[in-house]
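Please read the structure below before turning to the comments.
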2 protein chains.
Amino acid sequence: MLNYSTSEENYIKAIFHLQHSDGTVTTNELAAELKTKPASITDMMKKLKNKKLVHYQAYHGFRLSPEGKKVALGIVRRHRLWEYFLAEKLKFSWEEVHEVAEDLEHVSSKKLIDKLDEFLGFPRFDPHGDPIPDMHGRIETSRQVNLQDLPLNRPAVVSHVSDQSSEMLELLGHKKIGIGTRLEVKRKFSFDNSLEIKIRQQSPINISEQLSKNIFAKYDE
Amino acid sequence: MLNYSTSEENYIKAIFHLQHSDGTVTTNELAAELKTKPASITDMMKKLKNKKLVHYQAYHGFRLSPEGKKVALGIVRRHRLWEYFLAEKLKFSWEEVHEVAEDLEHVSSKKLIDKLDEFLGFPRFDPHGDPIPDMHGRIETSRQVNLQDLPLNRPAVVSHVSDQSSEMLELLGHKKIGIGTRLEVKRKFSFDNSLEIKIRQQSPINISEQLSKNIFAKYDE
DNA sequence: AATATTTTTTAGGTTTGCCTAAAAATATTT
DNA sequence: AAATATTTTTAGGCAAACCTAAAAAATATT
């Protein structure tokens, strides 16, 4: 795998994060994400096309080539391993890790990253719950997380309920929560660990700690 | 403290490492160290002079300003902390750490470095025995190291001998080793842990493990 | 289908950090 | 001290990665 400039890496990573279901991204979207002007995007896309990292035809958007995807997964791997390191070892808060990892991710020694991975115990998810690609670029699909562990405002879909008693199901039915329900945790009250959650367009409802501990969800989007 | 580009940082660091007793460095020396052409050095010196990091007069060499020294110590701190991390935590060998640290040192978040320092337990020397500046830029003078722990080809000066018995002194006298003797370890034989050392212009001599364990030295230069 | 709007690209310019070749200043020899 | 050699600087260019303004293509509106 060749070496790419910090700029090139940032473009590739941005395309990876923005890509729609069909994998395409438009010039303006990228420009907004990277806080550059559309003309700069066109410049770089020509370059990345030459290097065979993106498929690109003037006026028709672009998407990552298989090689481009590999590069993107490498960058994501570095980013998320550093995030894990910063949160877990250096005791940074979740909010702080992203910015610092933006810089660290561009140090591209493969040996460094693989040894860091080992040092951290081969973590599979970063502090935001996002999966960390392994050294072959394999990535796990999102894991189940307990409602109590969901970060605020992170869309998630209920995937599992551990207590199947009729009392539990009665309560869930009343609150209109079931497998597949899409929700976001809006607030956590530390006094009693109760949660305020939002389901679709409804006004937020409250959930006790007891109930929340039996509900698991997967990140959505 | 402002932020400087990777190039600017590399120039400042190189001046710091090359400076003579009077603090001056010449254009050709810097060009050799940085593997660039002399013309590029002149370009950059003008820039660093404008930023008040070096004192510079055309044709008369340059030296770091007080501000430049502060910046240099910051870079050295980052470099050596990362070296320590790589060797101590990620189990890199001494020879490998330098190259990777060359990249990591340019990630300049102060919080990152101070937290890394804390995580490592505020080490005062890096794996090569070089002192690590603290968060205020204070740096310890070189420490004593046992002859057995000296890296190969690292000039050092004998600073202490632990066994003062007459037998020991007789042997030392014979080998012409005393406090202040400047030497380099040229080889280590793992079979019996004997050392081959070079003293000034003499041809290398051999020292047994027993003897070497009683001799301590400080890094020179 | 013609026109208006939005998106994207082209053309040409800037800064940073490097280069080569020639000129200027300094240092060394004789 | 004059001639020669070395070091350093200047002058002018190049590539990367950005920019603005204008032109071209695609999309939306009437």
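Starting from 1 in every chain, residues are counted up; chains themselves are A, B, ... following the order of the structure tokens, and ligands are numbered from 1 as listed.
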
Per residue of chain B within 10 Å of chain C, which atom pair is closest and at what distance in Å (one decimal), using only C-alpha atoms (C1' of nucleotides), listed by chain and increasing number, as JSON lines?
{"residue": "B:Ser5", "atom": "CA", "partner": "C:DT16", "partner_atom": "C1'", "distance": 9.7}
{"residue": "B:Ser7", "atom": "CA", "partner": "C:DG17", "partner_atom": "C1'", "distance": 8.0}
{"residue": "B:Glu8", "atom": "CA", "partner": "C:DG17", "partner_atom": "C1'", "distance": 9.9}
{"residue": "B:Thr36", "atom": "CA", "partner": "C:DC18", "partner_atom": "C1'", "distance": 8.1}
{"residue": "B:Lys37", "atom": "CA", "partner": "C:DC19", "partner_atom": "C1'", "distance": 8.0}
{"residue": "B:Ala39", "atom": "CA", "partner": "C:DC19", "partner_atom": "C1'", "distance": 8.6}
{"residue": "B:Ser40", "atom": "CA", "partner": "C:DC18", "partner_atom": "C1'", "distance": 6.7}
{"residue": "B:Asp43", "atom": "CA", "partner": "C:DG17", "partner_atom": "C1'", "distance": 8.8}
{"residue": "B:Met44", "atom": "CA", "partner": "C:DG17", "partner_atom": "C1'", "distance": 8.5}
{"residue": "B:Ala58", "atom": "CA", "partner": "C:DA25", "partner_atom": "C1'", "distance": 9.4}
{"residue": "B:Tyr59", "atom": "CA", "partner": "C:DA25", "partner_atom": "C1'", "distance": 7.1}
{"residue": "B:His60", "atom": "CA", "partner": "C:DT26", "partner_atom": "C1'", "distance": 9.4}

Based on the selection just made, write N, CA and C atoms of those residues as a PDB file, in the first residue's frame.
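The resulting out24.pdb:
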ATOM      1  N   SER B   5       4.655  24.872  11.214  1.00  0.00           N
ATOM      2  CA  SER B   5       4.518  23.777  10.249  1.00  0.00           C
ATOM      3  C   SER B   5       5.553  22.695  10.552  1.00  0.00           C
ATOM      4  N   SER B   7       7.705  21.483   8.571  1.00  0.00           N
ATOM      5  CA  SER B   7       9.005  21.915   8.063  1.00  0.00           C
ATOM      6  C   SER B   7       9.697  22.860   9.030  1.00  0.00           C
ATOM      7  N   GLU B   8       8.971  23.875   9.462  1.00  0.00           N
ATOM      8  CA  GLU B   8       9.562  24.823  10.409  1.00  0.00           C
ATOM      9  C   GLU B   8      10.069  24.086  11.644  1.00  0.00           C
ATOM     10  N   THR B  36      18.594  18.825   2.506  1.00  0.00           N
ATOM     11  CA  THR B  36      18.059  19.768   1.521  1.00  0.00           C
ATOM     12  C   THR B  36      19.256  20.532   0.963  1.00  0.00           C
ATOM     13  N   LYS B  37      18.988  21.463   0.046  1.00  0.00           N
ATOM     14  CA  LYS B  37      20.047  22.263  -0.544  1.00  0.00           C
ATOM     15  C   LYS B  37      20.225  23.551   0.261  1.00  0.00           C
ATOM     16  N   ALA B  39      20.292  26.548  -0.556  1.00  0.00           N
ATOM     17  CA  ALA B  39      19.359  27.621  -0.915  1.00  0.00           C
ATOM     18  C   ALA B  39      18.062  27.523  -0.118  1.00  0.00           C
ATOM     19  N   SER B  40      17.636  26.303   0.151  1.00  0.00           N
ATOM     20  CA  SER B  40      16.392  26.115   0.912  1.00  0.00           C
ATOM     21  C   SER B  40      16.571  26.582   2.354  1.00  0.00           C
ATOM     22  N   ASP B  43      16.189  30.328   2.454  1.00  0.00           N
ATOM     23  CA  ASP B  43      14.756  30.648   2.396  1.00  0.00           C
ATOM     24  C   ASP B  43      14.131  30.559   3.787  1.00  0.00           C
ATOM     25  N   MET B  44      14.329  29.418   4.420  1.00  0.00           N
ATOM     26  CA  MET B  44      13.650  29.173   5.691  1.00  0.00           C
ATOM     27  C   MET B  44      14.178  30.083   6.797  1.00  0.00           C
ATOM     28  N   ALA B  58      22.616  37.712   7.144  1.00  0.00           N
ATOM     29  CA  ALA B  58      23.116  37.076   5.933  1.00  0.00           C
ATOM     30  C   ALA B  58      24.627  36.859   6.022  1.00  0.00           C
ATOM     31  N   TYR B  59      25.073  35.693   5.641  1.00  0.00           N
ATOM     32  CA  TYR B  59      26.482  35.308   5.609  1.00  0.00           C
ATOM     33  C   TYR B  59      27.125  35.110   6.987  1.00  0.00           C
ATOM     34  N   HIS B  60      26.340  35.245   8.067  1.00  0.00           N
ATOM     35  CA  HIS B  60      26.974  35.139   9.386  1.00  0.00           C
ATOM     36  C   HIS B  60      26.330  34.088  10.293  1.00  0.00           C
TER      37      HIS B  60
END

Based on the backbone DSSP call, show me all residues of region 46-115 of chain A assigned alpha helix (DSSP H), as a PyMOL selection string.
chain A and resi 46-50+66-88+94-104+110-115

Using C-alpha atoms, can you write the selected residues to a file as a PDB file, in the first residue's frame?
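Result file is selection.pdb:
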ATOM      1  CA  LYS A  46      -8.645  14.449 -10.822  1.00  0.00           C
ATOM      2  CA  LYS A  47      -5.613  13.536  -8.788  1.00  0.00           C
ATOM      3  CA  LEU A  48      -7.330  10.684  -6.947  1.00  0.00           C
ATOM      4  CA  LYS A  49      -8.714   9.410 -10.219  1.00  0.00           C
ATOM      5  CA  ASN A  50      -5.197   9.251 -11.647  1.00  0.00           C
ATOM      6  CA  PRO A  66     -11.867  -0.977  -4.227  1.00  0.00           C
ATOM      7  CA  GLU A  67      -8.333   0.318  -3.602  1.00  0.00           C
ATOM      8  CA  GLY A  68      -9.765   3.599  -2.302  1.00  0.00           C
ATOM      9  CA  LYS A  69     -11.979   1.706   0.118  1.00  0.00           C
ATOM     10  CA  LYS A  70      -8.967  -0.189   1.432  1.00  0.00           C
ATOM     11  CA  VAL A  71      -7.138   3.072   2.020  1.00  0.00           C
ATOM     12  CA  ALA A  72     -10.210   4.547   3.723  1.00  0.00           C
ATOM     13  CA  LEU A  73     -10.533   1.581   6.064  1.00  0.00           C
ATOM     14  CA  GLY A  74      -6.870   1.960   6.975  1.00  0.00           C
ATOM     15  CA  ILE A  75      -7.415   5.589   7.939  1.00  0.00           C
ATOM     16  CA  VAL A  76     -10.572   4.770   9.896  1.00  0.00           C
ATOM     17  CA  ARG A  77      -8.681   2.019  11.698  1.00  0.00           C
ATOM     18  CA  ARG A  78      -5.930   4.413  12.744  1.00  0.00           C
ATOM     19  CA  HIS A  79      -8.400   7.079  13.789  1.00  0.00           C
ATOM     20  CA  ARG A  80     -10.479   4.788  15.953  1.00  0.00           C
ATOM     21  CA  LEU A  81      -7.533   3.017  17.571  1.00  0.00           C
ATOM     22  CA  TRP A  82      -6.113   6.382  18.610  1.00  0.00           C
ATOM     23  CA  GLU A  83      -9.529   7.416  19.918  1.00  0.00           C
ATOM     24  CA  TYR A  84      -9.624   4.266  21.990  1.00  0.00           C
ATOM     25  CA  PHE A  85      -6.099   4.900  23.261  1.00  0.00           C
ATOM     26  CA  LEU A  86      -6.855   8.508  24.163  1.00  0.00           C
ATOM     27  CA  ALA A  87     -10.050   7.649  26.048  1.00  0.00           C
ATOM     28  CA  GLU A  88      -8.944   4.409  27.645  1.00  0.00           C
ATOM     29  CA  TRP A  94     -15.334  11.142  24.598  1.00  0.00           C
ATOM     30  CA  GLU A  95     -15.854  14.633  23.253  1.00  0.00           C
ATOM     31  CA  GLU A  96     -12.151  15.437  23.183  1.00  0.00           C
ATOM     32  CA  VAL A  97     -10.764  12.364  21.461  1.00  0.00           C
ATOM     33  CA  HIS A  98     -11.944  13.079  17.943  1.00  0.00           C
ATOM     34  CA  GLU A  99      -9.959  16.243  17.344  1.00  0.00           C
ATOM     35  CA  VAL A 100      -6.630  14.837  18.520  1.00  0.00           C
ATOM     36  CA  ALA A 101      -7.203  11.592  16.612  1.00  0.00           C
ATOM     37  CA  GLU A 102      -7.648  13.679  13.456  1.00  0.00           C
ATOM     38  CA  ASP A 103      -3.946  14.469  13.648  1.00  0.00           C
ATOM     39  CA  LEU A 104      -2.660  11.133  14.906  1.00  0.00           C
ATOM     40  CA  LYS A 110       1.773   0.068   9.820  1.00  0.00           C
ATOM     41  CA  LYS A 111       3.928  -1.427  12.527  1.00  0.00           C
ATOM     42  CA  LEU A 112       2.986   1.374  14.909  1.00  0.00           C
ATOM     43  CA  ILE A 113      -0.706   0.803  14.383  1.00  0.00           C
ATOM     44  CA  ASP A 114      -0.548  -2.964  14.645  1.00  0.00           C
ATOM     45  CA  LYS A 115       1.475  -2.738  17.856  1.00  0.00           C
TER      46      LYS A 115
END

Closest to DT8 (chain D) among B:Ile15, B:Thr24, B:Asn3, B:Ile41, using only C-alpha atoms (C1' of nucleotides)?
B:Ile41

All residues 12 Å or closer to Ser159 (chain A), only C-alpha atoms (C1' of nucleotides), same chain fewer than 2 positions away omitted, as a ChimeraX atom specification:
/A:142-147,156-157,161-162,177-183,214-220

Show me which bits of chain D are within 8 Å of chain A, counting only C-alpha atoms (C1' of nucleotides), as a PyMOL selection string.
chain D and resi 17-19+25-26

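Distances to chain B were evaluated for A:Glu29, A:Asp22, A:Glu105, A:Asp149 using only C-alpha atoms, and the minimum falls at A:Glu105.
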
Just list the residues in region 65-209 of chain B DSSP gives strand (DSSP E) on the backbone, as a ChimeraX atom specification.
/B:144-146,156-161,182-189,194-199,205-207

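One finds CA of Lys51 (chain A) at 19.1 Å from CA of Thr26 (chain A).
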
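For the pair CA of Leu172 (chain B) and CA of Val185 (chain B), the interatomic distance is 16.2 Å.
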
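Atom pair CA of Met135 (chain A) / CA of Leu116 (chain B) has a distance of 24.7 Å (rounded to one decimal).
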